Structures are given as structure tokens and as C-alpha cells.
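With compact mmCIF, C-alpha atoms inside, this is run-v9.txt:
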```txt
# COMPACT_ATOMS: atom_id res chain seq x y z
CA MET A 1 90.79 -41.16 193.60
CA ASN A 2 89.25 -43.24 190.84
CA ALA A 3 90.72 -43.69 187.38
CA LYS A 4 88.59 -40.98 185.76
CA ASN A 5 89.46 -38.31 188.31
CA TYR A 6 93.04 -39.34 188.10
CA LEU A 7 93.09 -38.92 184.33
CA GLN A 8 91.49 -35.48 184.65
CA ALA A 9 94.10 -34.42 187.18
CA LEU A 10 96.78 -35.83 184.95
CA ALA A 11 95.50 -33.91 181.94
CA ALA A 12 95.51 -30.71 183.99
CA ALA A 13 99.05 -31.41 185.16
CA CYS A 14 100.18 -31.93 181.58
CA VAL A 15 98.65 -28.62 180.52
CA LEU A 16 100.42 -26.85 183.40
CA ALA A 17 103.69 -28.59 182.67
CA THR A 18 103.72 -27.66 179.02
CA ALA A 19 102.26 -24.16 179.42
CA GLY A 20 105.47 -22.98 181.09
CA CYS A 21 107.73 -23.86 178.21
CA ALA A 22 105.70 -24.17 175.04
CA THR A 23 103.65 -21.02 174.59
CA ALA A 24 106.22 -18.21 174.63
CA PRO A 25 107.17 -16.54 171.34
CA PRO A 26 110.67 -17.28 170.05
CA VAL A 27 113.52 -15.04 171.20
CA ASP A 28 116.23 -13.73 168.87
CA TYR A 29 119.54 -14.92 170.29
CA THR A 30 121.77 -13.65 167.46
CA ALA A 31 123.45 -10.86 169.45
CA PHE A 32 123.76 -13.09 172.52
CA LYS A 33 125.57 -15.79 170.52
CA GLU A 34 127.92 -13.24 168.96
CA SER A 35 128.76 -11.71 172.32
CA ARG A 36 129.20 -14.88 174.44
CA PRO A 37 129.69 -13.04 177.76
CA ALA A 38 131.51 -14.94 180.54
CA SER A 39 130.82 -12.59 183.44
CA ILE A 40 127.74 -10.62 184.43
CA LEU A 41 127.40 -7.54 186.61
CA VAL A 42 123.97 -7.57 188.26
CA LEU A 43 123.03 -4.07 189.38
CA PRO A 44 120.68 -3.58 192.33
CA PRO A 45 117.18 -3.77 190.79
CA LEU A 46 115.06 -0.73 190.07
CA ASN A 47 112.01 -0.88 192.32
CA ASN A 48 108.69 0.22 190.81
CA THR A 49 106.66 -1.09 193.74
CA PRO A 50 105.73 0.52 197.09
CA GLU A 51 107.57 -2.25 198.98
CA VAL A 52 111.01 -0.99 200.00
CA GLN A 53 112.48 -4.49 200.39
CA ALA A 54 111.60 -5.54 196.82
CA SER A 55 114.94 -4.54 195.28
CA TYR A 56 117.26 -6.31 197.72
CA SER A 57 114.91 -9.28 198.02
CA VAL A 58 115.14 -9.95 194.28
CA LEU A 59 118.88 -9.15 194.22
CA SER A 60 119.65 -11.77 196.86
CA PHE A 61 118.23 -14.47 194.56
CA ALA A 62 119.81 -13.27 191.30
CA THR A 63 123.29 -14.81 191.62
CA ARG A 64 122.37 -18.47 191.87
CA PRO A 65 120.43 -19.06 188.62
CA LEU A 66 122.99 -17.08 186.58
CA ALA A 67 125.93 -18.88 188.19
CA GLU A 68 124.27 -22.25 187.65
CA ALA A 69 123.71 -21.19 184.03
CA GLY A 70 127.51 -21.00 183.75
CA TYR A 71 128.36 -17.31 184.29
CA TYR A 72 130.63 -15.61 186.75
CA VAL A 73 128.43 -13.17 188.66
CA MET A 74 130.08 -10.14 190.25
CA PRO A 75 129.59 -10.36 194.06
CA VAL A 76 126.34 -8.41 194.53
CA THR A 77 127.02 -7.12 198.04
CA LEU A 78 130.41 -5.73 197.07
CA VAL A 79 128.92 -4.16 193.95
CA ALA A 80 126.36 -2.36 196.13
CA GLU A 81 129.14 -1.24 198.52
CA ALA A 82 131.29 0.03 195.65
CA PHE A 83 128.43 2.25 194.47
CA LYS A 84 127.83 3.43 198.02
CA GLU A 85 131.52 4.39 198.34
CA ASN A 86 130.97 6.57 195.27
CA GLY A 87 127.96 8.24 196.83
CA MET A 88 125.31 6.24 195.00
CA THR A 89 122.57 4.48 196.93
CA GLN A 90 119.70 4.73 194.43
CA ALA A 91 119.29 1.96 191.86
CA ALA A 92 118.17 4.53 189.26
CA ASP A 93 121.57 6.30 189.54
CA MET A 94 123.43 3.00 189.24
CA HIS A 95 121.37 2.05 186.18
CA SER A 96 122.31 5.29 184.45
CA THR A 97 126.06 4.87 184.99
CA PRO A 98 127.88 4.91 181.60
CA LEU A 99 128.83 1.45 180.30
CA ASP A 100 132.53 2.26 179.88
CA LYS A 101 132.73 3.24 183.55
CA LEU A 102 131.04 -0.01 184.63
CA ARG A 103 133.40 -2.00 182.44
CA LYS A 104 136.44 -0.18 183.86
CA ILE A 105 135.57 -0.73 187.52
CA PHE A 106 133.97 -4.18 187.44
CA GLY A 107 135.57 -5.72 184.36
CA ALA A 108 132.39 -7.66 183.54
CA ASP A 109 131.45 -8.62 179.97
CA ALA A 110 127.78 -7.76 180.42
CA VAL A 111 125.47 -5.87 182.75
CA LEU A 112 122.04 -7.00 183.87
CA TYR A 113 119.38 -4.39 184.58
CA ILE A 114 116.48 -5.76 186.62
CA THR A 115 113.22 -3.91 187.28
CA VAL A 116 110.75 -5.16 189.89
CA SER A 117 107.22 -4.18 188.84
CA LYS A 118 105.13 -6.17 191.33
CA TYR A 119 105.99 -7.24 194.84
CA GLY A 120 103.66 -8.26 197.64
CA SER A 121 100.15 -9.23 198.53
CA VAL A 122 97.40 -8.68 196.02
CA PHE A 123 93.92 -8.89 197.54
CA MET A 124 91.36 -9.94 194.98
CA VAL A 125 88.05 -10.31 196.92
CA VAL A 126 87.81 -14.07 196.68
CA ASN A 127 91.49 -14.67 196.72
CA SER A 128 94.74 -13.22 197.95
CA ALA A 129 98.19 -13.99 196.69
CA ALA A 130 101.78 -12.89 197.06
CA VAL A 131 102.81 -11.89 193.56
CA VAL A 132 106.25 -10.90 192.29
CA THR A 133 106.96 -9.76 188.74
CA ALA A 134 110.36 -8.69 187.45
CA GLU A 135 111.91 -7.99 184.09
CA ALA A 136 115.54 -7.99 183.07
CA ARG A 137 117.73 -6.67 180.26
CA LEU A 138 121.24 -7.94 179.53
CA VAL A 139 123.58 -5.50 177.77
CA ASP A 140 127.12 -6.16 176.47
CA LEU A 141 129.53 -3.83 178.30
CA ARG A 142 132.04 -3.97 175.45
CA THR A 143 129.70 -3.12 172.56
CA GLY A 144 126.61 -1.66 174.24
CA LYS A 145 124.39 -4.11 172.38
CA GLU A 146 121.31 -5.54 174.05
CA LEU A 147 121.77 -9.32 174.26
CA TRP A 148 118.56 -10.49 175.88
CA ARG A 149 115.49 -9.36 177.70
CA GLY A 150 112.94 -11.32 179.66
CA THR A 151 110.17 -11.11 182.19
CA ALA A 152 108.83 -13.52 184.80
CA SER A 153 106.22 -13.71 187.52
CA ALA A 154 105.46 -15.98 190.41
CA SER A 155 102.47 -16.19 192.69
CA SER A 156 101.78 -17.97 195.97
CA ASP A 157 98.52 -19.04 194.34
CA GLU A 158 100.07 -21.21 191.65
CA GLY A 159 99.00 -24.82 191.49
CA GLN A 160 96.44 -24.47 194.25
CA ASN A 161 93.08 -26.05 193.63
CA GLN A 162 89.88 -24.09 194.09
CA GLN A 163 88.80 -24.48 197.68
CA GLN A 164 85.45 -25.84 198.77
CA GLY A 165 83.11 -24.00 201.12
CA GLY A 166 81.25 -21.41 199.07
CA LEU A 167 81.95 -17.73 198.49
CA LEU A 168 82.13 -16.72 202.16
CA GLY A 169 84.59 -19.52 202.83
CA LEU A 170 86.75 -18.24 200.02
CA VAL A 171 86.71 -14.64 201.29
CA VAL A 172 87.66 -15.74 204.81
CA ALA A 173 90.41 -17.95 203.43
CA ALA A 174 91.71 -15.03 201.38
CA VAL A 175 91.91 -12.74 204.42
CA VAL A 176 93.63 -15.40 206.50
CA LYS A 177 96.08 -16.03 203.72
CA GLN A 178 96.94 -12.35 203.37
CA VAL A 179 97.67 -12.06 207.09
CA LEU A 180 99.80 -15.19 206.98
CA ALA A 181 101.52 -14.00 203.84
CA SER A 182 102.83 -10.80 205.40
CA ALA A 183 103.64 -12.52 208.71
CA THR A 184 105.88 -15.17 207.18
CA ASP A 185 107.44 -12.96 204.54
CA GLN A 186 105.93 -15.05 201.83
CA SER A 187 106.67 -12.34 199.27
CA HIS A 188 110.40 -12.93 199.72
CA LYS A 189 109.98 -16.64 198.98
CA ILE A 190 107.88 -15.87 195.92
CA ALA A 191 110.56 -13.40 194.80
CA GLY A 192 112.95 -16.36 194.86
CA VAL A 193 110.69 -18.32 192.51
CA ALA A 194 110.19 -15.36 190.15
CA THR A 195 113.89 -14.46 190.04
CA THR A 196 114.97 -18.06 189.43
CA ARG A 197 112.41 -18.29 186.64
CA LEU A 198 113.63 -15.02 185.14
CA LEU A 199 117.35 -15.79 185.15
CA SER A 200 117.70 -19.54 184.56
CA ALA A 201 119.14 -21.04 181.41
CA GLY A 202 117.68 -24.07 179.68
CA THR A 203 114.27 -22.52 178.98
CA LYS A 204 112.83 -21.37 175.65
CA THR A 205 113.03 -17.67 176.48
CA GLY A 206 115.73 -17.52 179.17
CA VAL A 207 119.41 -16.64 179.06
CA LEU A 208 121.75 -18.96 177.17
CA TYR A 209 124.18 -21.21 179.02
CA GLY A 210 127.51 -19.58 179.89
CA PRO A 211 131.13 -20.79 179.60
CA ARG A 212 131.23 -22.55 182.98
CA SER A 213 128.30 -24.81 182.10
CA PRO A 214 128.73 -28.20 180.39
CA ASN A 215 125.82 -27.07 178.17
CA TYR A 216 127.73 -24.00 176.93
CA GLY A 217 127.38 -23.54 173.18
CA LYS A 218 124.82 -26.32 172.87
CA ASP A 219 121.73 -24.10 173.09
CA MET B 1 95.54 -53.12 189.24
CA THR B 2 94.25 -50.96 186.39
CA ASN B 3 94.55 -47.87 188.58
CA ILE B 4 98.14 -48.66 189.39
CA ARG B 5 98.96 -49.15 185.72
CA ILE B 6 97.33 -45.85 184.82
CA ALA B 7 99.20 -44.19 187.68
CA VAL B 8 102.55 -45.51 186.50
CA ALA B 9 101.80 -44.55 182.89
CA GLY B 10 100.81 -41.08 184.12
CA LEU B 11 104.01 -40.56 186.06
CA LEU B 12 106.08 -41.66 183.09
CA LEU B 13 104.18 -39.26 180.84
CA ILE B 14 104.65 -36.34 183.24
CA SER B 15 108.36 -37.00 183.63
CA ALA B 16 108.68 -37.26 179.85
CA ILE B 17 106.95 -33.89 179.43
CA LEU B 18 108.96 -32.20 182.15
CA GLY B 19 112.12 -33.83 180.87
CA GLY B 20 111.43 -32.44 177.44
CA CYS B 21 111.64 -28.85 178.50
CA ALA B 22 113.90 -28.95 181.51
CA THR B 23 116.96 -31.03 180.83
CA ARG B 24 119.06 -29.34 183.48
CA PRO B 25 122.58 -30.46 184.25
CA PRO B 26 123.38 -31.22 187.91
CA ALA B 27 124.16 -28.17 190.08
CA LEU B 28 127.59 -26.63 189.49
CA TYR B 29 127.96 -25.26 193.01
CA GLN B 30 127.24 -25.95 196.66
CA TRP B 31 125.16 -23.01 197.84
CA GLN B 32 124.40 -23.83 201.48
CA GLY B 33 123.06 -20.65 203.15
CA TYR B 34 124.83 -18.22 200.82
CA GLN B 35 121.68 -16.58 199.41
CA ALA B 36 120.16 -16.17 202.88
CA ASN B 37 123.43 -14.63 204.10
CA VAL B 38 123.49 -12.18 201.21
CA ASP B 39 119.89 -11.26 202.02
CA ALA B 40 120.76 -10.79 205.71
CA TYR B 41 123.65 -8.49 204.77
CA LEU B 42 121.61 -6.41 202.33
CA ARG B 43 118.73 -5.94 204.78
CA ALA B 44 121.04 -5.31 207.71
CA ASP B 45 118.25 -6.05 210.17
CA LYS B 46 118.74 -9.74 210.90
CA ASN B 47 122.01 -11.25 212.15
CA SER B 48 125.01 -9.21 213.28
CA LEU B 49 128.09 -9.08 211.05
CA ALA B 50 129.84 -11.49 213.44
CA GLU B 51 126.96 -13.98 213.20
CA GLN B 52 126.85 -13.67 209.40
CA THR B 53 130.60 -14.29 209.27
CA GLN B 54 130.29 -17.38 211.43
CA LEU B 55 127.54 -18.81 209.21
CA MET B 56 129.62 -18.19 206.09
CA GLU B 57 132.71 -19.82 207.68
CA GLU B 58 130.74 -22.87 208.80
CA ASP B 59 129.16 -23.29 205.37
CA LEU B 60 132.56 -22.96 203.72
CA LYS B 61 133.83 -25.87 205.83
CA LYS B 62 130.80 -27.93 204.77
CA ILE B 63 131.42 -27.13 201.11
CA SER B 64 135.09 -28.09 201.38
CA ALA B 65 134.25 -31.29 203.28
CA SER B 66 131.75 -32.35 200.61
CA GLY B 67 134.23 -31.65 197.81
CA GLY B 68 131.74 -29.27 196.16
CA ALA B 69 132.58 -26.06 194.31
CA VAL B 70 132.41 -22.70 196.11
CA PRO B 71 129.90 -20.44 194.28
CA PRO B 72 130.90 -17.21 192.51
CA GLY B 73 131.16 -14.34 194.97
CA TYR B 74 131.33 -16.50 198.09
CA TYR B 75 134.92 -15.70 199.10
CA ALA B 76 134.42 -12.06 198.18
CA HIS B 77 131.29 -11.72 200.31
CA LEU B 78 133.04 -13.39 203.26
CA GLY B 79 135.91 -10.95 202.72
CA LEU B 80 133.48 -8.03 202.82
CA LEU B 81 132.18 -9.23 206.19
CA TYR B 82 135.75 -9.36 207.53
CA GLY B 83 136.48 -5.92 206.10
CA GLN B 84 133.39 -4.38 207.69
CA GLN B 85 134.70 -5.62 211.04
CA GLY B 86 138.10 -4.05 210.48
CA LYS B 87 139.89 -7.30 209.64
CA LEU B 88 141.64 -5.96 206.57
CA ASP B 89 144.18 -8.79 206.23
CA GLN B 90 141.41 -11.35 206.04
CA PHE B 91 139.53 -9.08 203.65
CA ALA B 92 142.52 -9.08 201.29
CA GLN B 93 142.98 -12.85 201.65
CA GLN B 94 139.42 -13.54 200.56
CA MET B 95 139.64 -11.15 197.60
CA GLN B 96 142.73 -13.05 196.47
CA ALA B 97 140.89 -16.37 196.95
CA GLU B 98 137.99 -15.12 194.81
CA LYS B 99 140.38 -13.93 192.12
CA LYS B 100 142.26 -17.23 192.15
CA GLN B 101 139.14 -19.35 191.75
CA TYR B 102 137.42 -16.93 189.37
CA PRO B 103 139.86 -14.93 187.19
CA GLU B 104 136.79 -13.15 185.74
CA SER B 105 136.64 -11.22 189.03
CA GLY B 106 140.21 -9.89 188.65
CA THR B 107 139.47 -6.30 187.62
CA PHE B 108 136.91 -5.79 190.39
CA MET B 109 138.95 -7.56 193.08
CA ASP B 110 141.98 -5.38 192.23
CA PHE B 111 139.75 -2.29 192.40
CA LEU B 112 138.56 -3.37 195.86
CA LEU B 113 142.07 -4.18 197.07
CA ARG B 114 143.15 -0.68 196.05
CA ASN B 115 140.13 1.17 197.40
CA PHE B 116 138.49 -0.66 200.28
CA LYS B 117 138.64 1.10 203.60
CA LYS B 118 136.57 0.20 206.60
```
How does this structure look as C-alpha cells?
Amino acid sequence: MNAKNYLQALAAACVLATAGCATAPPVDYTAFKESRPASILVLPPLNNTPEVQASYSVLSFATRPLAEAGYYVMPVTLVAEAFKENGMTQAADMHSTPLDKLRKIFGADAVLYITVSKYGSVFMVVNSAAVVTAEARLVDLRTGKELWRGTASASSDEGQNQQQGGLLGLVVAAVVKQVLASATDQSHKIAGVATTRLLSAGTKTGVLYGPRSPNYGKD
Amino acid sequence: MTNIRIAVAGLLLISAILGGCATRPPALYQWQGYQANVDAYLRADKNSLAEQTQLMEEDLKKISASGGAVPPGYYAHLGLLYGQQGKLDQFAQQMQAEKKQYPESGTFMDFLLRNFKK
């Protein structure tokens, strides 16, 4: 790679690096800062996709970013079991449970409602990608106030350069990629990226740091 | 030589840019295979409950050995695995461990201790 190519690549990298954190509109954190929740109940996500595994796939990744942000996260498997014990297996039913009931059983300060809107392979003629999109809404269980909402996406196609080999080459590559994508459960991995993006602190539009983080109260 | 200088300058620039928007503190917890184990439990089509339990126990030893912190929900999930296999004493032990490390879980752990039946 000569110096000129290198500089071009570098410029592109800089654009990518800054795009993720600099272009989003500002978020109003007033209610969040007043509420200062310490514990979060993550309900099994609502699934608006045809893929049945989308809800649990996203749920399995939700604890880590929130815990690393400094919150106590109610154990997600036991939360799902507790609902099941009460005859609820559908996320929609869980999401419509009254806040005072959630607060009484789980004792959490806030509840997080996640909706998965895209999950799986998208075939786009000259390209194919595993795409996952999810949105989330954090509500204070003591006051009922909405504290934060956000949305995030991830794609297996991110950061990949355009391939050489003409249009036919691209179409073949896309088909191969789609087969590979379903075979290796790539969607699940991409769900991990999207969920981590959605629920991490320390970004311009993400959740604030919680009490167990050394950054608590500094953002 | 010029190329190397440009390369070094470039790397410094990139790290400065990334550093500017992602000043993350070091990880609070040792996660090991916890997320994968939660996924296996939720899907119920991978490892058996006994295998999942073994993985969680082995990881817990690794976390203790490294002096790292056990993540939120870890003891409770391990307890659930014991409970599902009829080991109710171990279930209760783990709920108490979760409650001790994370008092925020108290209300829910007490609810589970009152209500959980295999």
C-alpha cells in the first residue's frame, strides 16, 4: 500500500469512526438523571420478525452491556420462568403487565422494553447481509416516567470493502454468503453486536452509567 | 521511512478519534461463558441441564481463581439450573448468594425462595 492509498483508507476509517458517535441528535436525559435507577428488569423482547429465535437471541446479550454500564440486571432466565409460572409465555403479555405488579414481584427500579424489528438474512441482489435492528424503552417502575429510548442496528456487511470481480461475482458471493450466514448462525452473532450497541453506556445516545460504575454521575 | 511515519501518525489519529468517543472503563465483571449459557438455557435445544450446570460451575471456579467479580444474575441462573434438576437446597443457596452479592435482587430472590417449585 503506498502513501496515497493509505491516506485514503485512513480518511475513510476516520469517517467511519466518527460517524458512530457524532451524528446522532442529542437525547434529553432530564428524567433519567432525576430517576437514577440502580436495577433494571429486562423483559423478554417483543418480536416483530418472522424469526422465532429473535427474542431470546437478543435477550441473551442484554445483561452484559447494562451490567457493565453499572446496573444490577434482574436474572433474565428466572424472569422468564417467573412469567411462565404465572401462565405467561408471550412477550406481548409480559410487556402489558402493570408497572406496580412488576415492581412488587421483581423490586427493580426500572423496566426495559425491547422490540426486535429486524432479524436475519436480507438478500439484496448484489449483496446479502445478516441484519439485526432493535429498539428499547426504559421506564421508571416507581413513577411510570419514560427515562430513555434508543434504537440500534448491526449488519454482517459493516466495514467490508466492495469486492472485485464484476456484477456476476458479486451475485455469486452474495448467495454463498447467505448460505453461510444461516449455516453458522451469523444472525445470532450480529444480534450480539446490535444489542451491545443498543444498551451500552458511554455513547452520545445510550443509557447513562449506573451506580456500580466508576463513571456514575459523571455523564 | 515516510510511509512508516505516516502510518504511525495515522494510528495515533485513529486512536485519538476512537478515544474521544469511547472512553470506557475496564470491565466490571468476568463473564466467561455466561451469555452463551443463558442462550443455551433459553433455546433449550443445545446442552442438557447437567452440561449447562457443569459449564457454569467450571466458569465460576475460573472467576474466583482470577479474583474477578461474578456478574449480576450468575448465581441466580446457576441456582435455576439446580432447581430444574430437583436440587432445591442448592437452588436456595444460590439465591442467597445472589442476594448477598447484589442486595438489589432481594425482592425477586425472596419471591423465588417463596414460590419456586420444580
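CA of Met88 in chain A is positioned 28.7 Å from CA of Val193 in chain A.
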Nearest residue to chain A from the set B:Val38, B:Ala50, B:Leu60, B:Leu81 (distances using all atoms listed in the file):
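Answer, going by the shortest atom-to-atom distance: B:Val38.
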By how many Å are CA of Leu113 in chain B and CA of Asp100 in chain A apart?
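One can read the CA of Leu113 in chain B to CA of Asp100 in chain A distance as 20.7 Å.
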May I ask which of the residues B:Asp59, B:Asp45, B:Glu104, B:Asp39 is the closest one to Ala108 in chain A, counting all atoms listed in the file?
B:Glu104
Considering only C-alpha atoms, state which residue in the set A:Arg197, A:Lys84, A:Lys118, A:Arg142 is at the smallest distance from Ala69 in chain A.
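Selected residue with least distance to Ala69 in chain A: A:Arg197.
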Restricting the calculation to all atoms listed in the file: of B:Ala44, B:Leu49, B:Met56, B:Leu112, which residue gets closest to Trp31 in chain B?
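So, comparing all the options, the nearest one is B:Met56.
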